[in-house]
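For reference, run_3.pdb is printed below; it contains PDB, C-alpha atoms.
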```
ATOM      1  CA  MET A1395     -44.217 -67.507 -41.996  1.00  0.00           C
ATOM      2  CA  TYR A1396     -45.230 -66.233 -38.557  1.00  0.00           C
ATOM      3  CA  LEU A1397     -42.252 -63.891 -38.443  1.00  0.00           C
ATOM      4  CA  ILE A1398     -43.921 -62.005 -41.298  1.00  0.00           C
ATOM      5  CA  TYR A1399     -46.794 -61.071 -38.945  1.00  0.00           C
ATOM      6  CA  ILE A1400     -44.330 -59.818 -36.352  1.00  0.00           C
ATOM      7  CA  GLU A1401     -42.202 -57.870 -38.818  1.00  0.00           C
ATOM      8  CA  TYR A1402     -45.221 -56.322 -40.567  1.00  0.00           C
ATOM      9  CA  ASN A1403     -46.546 -55.058 -37.240  1.00  0.00           C
ATOM     10  CA  ALA A1404     -43.132 -53.763 -36.146  1.00  0.00           C
ATOM     11  CA  ILE A1405     -42.749 -51.787 -39.376  1.00  0.00           C
ATOM     12  CA  ASN A1406     -46.266 -50.403 -39.073  1.00  0.00           C
ATOM     13  CA  ILE A1407     -45.885 -49.328 -35.424  1.00  0.00           C
ATOM     14  CA  ILE A1408     -42.380 -47.859 -35.744  1.00  0.00           C
ATOM     15  CA  ASP A1409     -43.188 -46.042 -38.999  1.00  0.00           C
ATOM     16  CA  LYS A1410     -46.310 -44.325 -37.596  1.00  0.00           C
ATOM     17  CA  LEU A1411     -44.548 -43.469 -34.340  1.00  0.00           C
ATOM     18  CA  THR A1412     -41.494 -42.093 -36.188  1.00  0.00           C
ATOM     19  CA  ARG A1413     -43.595 -39.879 -38.455  1.00  0.00           C
ATOM     20  CA  ASP A1414     -45.573 -38.412 -35.570  1.00  0.00           C
ATOM     21  CA  VAL A1415     -42.538 -37.852 -33.325  1.00  0.00           C
ATOM     22  CA  ARG A1416     -40.636 -36.099 -36.118  1.00  0.00           C
ATOM     23  CA  ASP A1417     -43.658 -33.902 -36.887  1.00  0.00           C
ATOM     24  CA  SER A1418     -44.225 -32.987 -33.250  1.00  0.00           C
ATOM     25  CA  SER A1419     -43.267 -29.699 -31.674  1.00  0.00           C
ATOM     26  CA  PHE A1420     -42.788 -31.250 -28.231  1.00  0.00           C
ATOM     27  CA  ILE A1421     -43.447 -34.310 -26.078  1.00  0.00           C
ATOM     28  CA  ASN A1422     -46.147 -34.020 -23.407  1.00  0.00           C
ATOM     29  CA  ILE A1423     -44.083 -35.445 -20.566  1.00  0.00           C
ATOM     30  CA  SER A1424     -46.893 -35.248 -18.002  1.00  0.00           C
ATOM     31  CA  ASP A1425     -49.226 -37.354 -20.211  1.00  0.00           C
ATOM     32  CA  SER A1426     -46.575 -39.966 -21.112  1.00  0.00           C
ATOM     33  CA  SER A1427     -45.331 -43.080 -19.310  1.00  0.00           C
ATOM     34  CA  PHE A1428     -41.596 -43.629 -19.671  1.00  0.00           C
ATOM     35  CA  SER A1429     -39.346 -46.565 -18.738  1.00  0.00           C
ATOM     36  CA  VAL A1430     -42.203 -49.013 -18.102  1.00  0.00           C
ATOM     37  CA  ALA A1431     -43.316 -52.036 -20.137  1.00  0.00           C
ATOM     38  CA  GLN A1432     -46.822 -50.543 -20.523  1.00  0.00           C
ATOM     39  CA  GLY A1433     -45.427 -47.352 -22.058  1.00  0.00           C
ATOM     40  CA  ALA A1434     -47.258 -44.368 -23.499  1.00  0.00           C
ATOM     41  CA  ILE A1435     -46.178 -41.236 -25.322  1.00  0.00           C
ATOM     42  CA  SER A1436     -48.177 -38.083 -25.927  1.00  0.00           C
ATOM     43  CA  LEU A1437     -47.115 -35.565 -28.586  1.00  0.00           C
ATOM     44  CA  ASN A1438     -48.110 -32.087 -29.695  1.00  0.00           C
ATOM     45  CA  ILE A1439     -48.101 -31.879 -33.486  1.00  0.00           C
ATOM     46  CA  ALA A1440     -48.348 -28.544 -35.278  1.00  0.00           C
ATOM     47  CA  SER A1441     -51.305 -28.341 -37.634  1.00  0.00           C
ATOM     48  CA  SER A1442     -50.311 -28.376 -41.302  1.00  0.00           C
ATOM     49  CA  THR A1443     -53.051 -25.866 -42.152  1.00  0.00           C
ATOM     50  CA  ASN A1444     -52.673 -23.470 -39.239  1.00  0.00           C
ATOM     51  CA  ASN A1445     -49.410 -23.043 -37.358  1.00  0.00           C
ATOM     52  CA  ALA A1446     -51.241 -21.385 -34.442  1.00  0.00           C
ATOM     53  CA  THR A1447     -53.087 -24.602 -33.557  1.00  0.00           C
ATOM     54  CA  SER A1448     -51.717 -27.998 -32.682  1.00  0.00           C
ATOM     55  CA  ASN A1449     -53.019 -31.534 -32.523  1.00  0.00           C
ATOM     56  CA  THR A1450     -52.262 -34.131 -29.900  1.00  0.00           C
ATOM     57  CA  ALA A1451     -51.315 -37.711 -30.689  1.00  0.00           C
ATOM     58  CA  LYS A1452     -50.896 -40.509 -28.188  1.00  0.00           C
ATOM     59  CA  PHE A1453     -49.470 -44.005 -28.580  1.00  0.00           C
ATOM     60  CA  TYR A1454     -50.062 -46.411 -25.707  1.00  0.00           C
ATOM     61  CA  LEU A1455     -50.195 -50.100 -24.835  1.00  0.00           C
ATOM     62  CA  SER A1456     -53.553 -51.522 -23.777  1.00  0.00           C
ATOM     63  CA  ASN A1457     -54.662 -55.166 -23.738  1.00  0.00           C
ATOM     64  CA  ASN A1458     -51.434 -56.209 -25.503  1.00  0.00           C
ATOM     65  CA  LYS A1459     -52.130 -53.917 -28.481  1.00  0.00           C
ATOM     66  CA  ILE A1460     -50.580 -50.585 -29.478  1.00  0.00           C
ATOM     67  CA  LYS A1461     -53.368 -48.030 -29.652  1.00  0.00           C
ATOM     68  CA  TYR A1462     -53.415 -44.619 -31.322  1.00  0.00           C
ATOM     69  CA  MET A1463     -55.368 -41.589 -30.158  1.00  0.00           C
ATOM     70  CA  LYS A1464     -55.502 -38.233 -31.952  1.00  0.00           C
ATOM     71  CA  ASP A1465     -57.100 -35.131 -30.411  1.00  0.00           C
ATOM     72  CA  GLY A1466     -58.821 -37.305 -27.809  1.00  0.00           C
ATOM     73  CA  VAL A1467     -60.403 -39.628 -30.398  1.00  0.00           C
ATOM     74  CA  ASP A1468     -59.369 -43.273 -30.113  1.00  0.00           C
ATOM     75  CA  PHE A1469     -58.465 -44.574 -33.582  1.00  0.00           C
ATOM     76  CA  GLY A1470     -57.999 -48.124 -32.302  1.00  0.00           C
ATOM     77  CA  ASN A1471     -55.164 -50.580 -32.715  1.00  0.00           C
ATOM     78  CA  ILE A1472     -52.052 -50.002 -34.774  1.00  0.00           C
ATOM     79  CA  SER A1473     -50.984 -53.577 -34.113  1.00  0.00           C
ATOM     80  CA  THR A1474     -53.041 -56.423 -35.566  1.00  0.00           C
ATOM     81  CA  ASN A1475     -54.708 -59.353 -33.843  1.00  0.00           C
ATOM     82  CA  ALA A1476     -51.993 -61.666 -35.205  1.00  0.00           C
ATOM     83  CA  VAL A1477     -49.486 -60.386 -32.619  1.00  0.00           C
ATOM     84  CA  ILE A1478     -49.266 -59.737 -28.905  1.00  0.00           C
ATOM     85  CA  VAL A1479     -47.339 -56.651 -27.808  1.00  0.00           C
ATOM     86  CA  SER A1480     -45.660 -57.719 -24.579  1.00  0.00           C
ATOM     87  CA  ASN A1481     -43.376 -54.694 -24.203  1.00  0.00           C
ATOM     88  CA  PHE A1482     -43.690 -51.064 -25.343  1.00  0.00           C
ATOM     89  CA  LYS A1483     -41.045 -49.274 -23.349  1.00  0.00           C
ATOM     90  CA  ILE A1484     -40.233 -45.650 -24.162  1.00  0.00           C
ATOM     91  CA  TYR A1485     -37.303 -43.701 -22.765  1.00  0.00           C
ATOM     92  CA  TYR A1486     -37.224 -39.907 -22.860  1.00  0.00           C
ATOM     93  CA  ILE A1487     -33.915 -38.340 -23.926  1.00  0.00           C
ATOM     94  CA  SER A1488     -33.291 -34.644 -23.473  1.00  0.00           C
ATOM     95  CA  ALA A1489     -30.216 -32.767 -24.653  1.00  0.00           C
ATOM     96  CA  SER A1490     -29.433 -29.074 -24.695  1.00  0.00           C
ATOM     97  CA  SER A1491     -30.775 -28.547 -28.214  1.00  0.00           C
ATOM     98  CA  THR A1492     -33.177 -31.424 -28.909  1.00  0.00           C
ATOM     99  CA  GLU A1493     -35.449 -34.118 -27.540  1.00  0.00           C
ATOM    100  CA  ALA A1494     -35.622 -37.778 -28.533  1.00  0.00           C
ATOM    101  CA  ILE A1495     -37.172 -41.056 -27.507  1.00  0.00           C
ATOM    102  CA  LYS A1496     -35.744 -44.543 -27.458  1.00  0.00           C
ATOM    103  CA  VAL A1497     -38.273 -47.312 -28.086  1.00  0.00           C
ATOM    104  CA  GLU A1498     -38.097 -50.971 -27.063  1.00  0.00           C
ATOM    105  CA  LEU A1499     -40.821 -53.069 -28.656  1.00  0.00           C
ATOM    106  CA  THR A1500     -41.414 -56.798 -28.113  1.00  0.00           C
ATOM    107  CA  LEU A1501     -43.892 -58.580 -30.356  1.00  0.00           C
ATOM    108  CA  ASP A1502     -45.057 -62.173 -29.906  1.00  0.00           C
ATOM    109  CA  THR A1503     -47.148 -64.569 -31.946  1.00  0.00           C
ATOM    110  CA  LEU A1504     -48.406 -68.068 -31.268  1.00  0.00           C
ATOM    111  CA  PRO A1505     -48.499 -70.299 -34.360  1.00  0.00           C
ATOM    112  CA  HIS A1506     -51.713 -72.305 -34.703  1.00  0.00           C
ATOM    113  CA  LEU A1507     -50.080 -75.724 -35.012  1.00  0.00           C
ATOM    114  CA  ASN A1508     -47.138 -75.053 -32.750  1.00  0.00           C
ATOM    115  CA  SER A1509     -47.294 -74.329 -29.047  1.00  0.00           C
ATOM    116  CA  ASN A1510     -43.984 -72.448 -28.969  1.00  0.00           C
ATOM    117  CA  LEU A1511     -44.326 -68.696 -28.691  1.00  0.00           C
ATOM    118  CA  ILE A1512     -42.336 -66.738 -31.284  1.00  0.00           C
ATOM    119  CA  SER A1513     -40.992 -63.461 -29.911  1.00  0.00           C
ATOM    120  CA  LYS A1514     -38.900 -60.713 -31.463  1.00  0.00           C
ATOM    121  CA  ASN A1515     -37.469 -57.462 -30.063  1.00  0.00           C
ATOM    122  CA  PHE A1516     -37.180 -54.189 -31.976  1.00  0.00           C
ATOM    123  CA  TYR A1517     -35.319 -51.008 -31.023  1.00  0.00           C
ATOM    124  CA  THR A1518     -35.197 -47.503 -32.430  1.00  0.00           C
ATOM    125  CA  THR A1519     -34.299 -43.962 -31.414  1.00  0.00           C
ATOM    126  CA  ILE A1520     -36.278 -41.050 -32.845  1.00  0.00           C
ATOM    127  CA  LEU A1521     -35.229 -37.379 -32.740  1.00  0.00           C
ATOM    128  CA  LEU A1522     -37.711 -34.514 -32.833  1.00  0.00           C
ATOM    129  CA  ARG A1523     -37.107 -32.188 -35.734  1.00  0.00           C
ATOM    130  CA  GLU A1524     -36.322 -28.635 -34.754  1.00  0.00           C
TER     131      GLU A1524
END
```
What do you get writing this file as structure tokens?
Amino acid sequence: MYLIYIEYNAINIIDKLTRDVRDSSFINISDSSFSVAQGAISLNIASSTNNATSNTAKFYLSNNKIKYMKDGVDFGNISTNAVIVSNFKIYYISASSTEAIKVELTLDTLPHLNSNLISKNFYTTILLRE
């Protein structure tokens, strides 16, 4: 039953991150933290109403929760209180014609009647659309 909490959160986090990365025009490398367990990624996303303006989106790990910020406004946790995010590692990949990120995500939960921590790792690679 507790794996459901982990899997629900993994789907939620990876889905939101995938959508924003694919919609972004570029990755803000200077405002991102790559290859560390407390990772962060900042993206520039073209506005759907006006191509001349862009929005910023940031995903980051704080207090064992994945947080989401858009245009400087903190929208709070993407992950729920049922899980602990112990690893949110992002790797930047650059090729001649595209950019991508590789994500390592570790989610933990502690069942109420069991003292054994349940932990699961998730991996994905996301390409920016050109």
Selection dump of the PyMOL selection byres ((chain A and resi 1515) around 9), as a VMD selection string: chain A and resid 1481 1498 to 1502 1513 to 1514 1516 to 1517
Exercise: Ser1426 of chain A partners within 10 Å, all atoms listed in the file, chain neighbours under 6 positions left out, as a PyMOL selection string: chain A and resi 1433-1437+1452-1454+1484+1486
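What separates atom CA of Ser1429 of chain A from atom CA of Ile1478 of chain A is a distance of 19.4 Å.
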Resolved residues for the PyMOL selection byres ((chain A and resi 1398) around 12) as number ranges by chain: A: 1395-1397, 1399-1405, 1476-1477, 1501-1503, 1505, 1512-1514
Would you kindly translate the PyMOL selection byres ((chain A and resi 1523) around 9) into the concrete residues it picks from this file, as a short mmCIF file (atom, residue, chain, number, x, y, z; two decimals) with C-alpha atoms, in the frame of the given file?
```cif
data_model
loop_
_atom_site.label_atom_id
_atom_site.label_comp_id
_atom_site.auth_asym_id
_atom_site.auth_seq_id
_atom_site.Cartn_x
_atom_site.Cartn_y
_atom_site.Cartn_z
CA VAL A 1415 -42.54 -37.85 -33.33
CA ARG A 1416 -40.64 -36.10 -36.12
CA ASP A 1417 -43.66 -33.90 -36.89
CA SER A 1418 -44.22 -32.99 -33.25
CA SER A 1419 -43.27 -29.70 -31.67
CA THR A 1492 -33.18 -31.42 -28.91
CA GLU A 1493 -35.45 -34.12 -27.54
CA LEU A 1521 -35.23 -37.38 -32.74
CA LEU A 1522 -37.71 -34.51 -32.83
CA GLU A 1524 -36.32 -28.64 -34.75
#
```
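Taking all atoms listed in the file into account, Ile1520 of chain A lies nearest to A:Thr1412 out of the set A:Asn1449, A:Asn1406, A:Asn1475, A:Thr1412.
Pairwise distance (atom CA of Arg1413 of chain A, atom CA of Asp1425 of chain A) equals 19.3 Å.
Pairwise distance (atom CA of Thr1518 of chain A, atom CA of Gly1466 of chain A) equals 26.1 Å.
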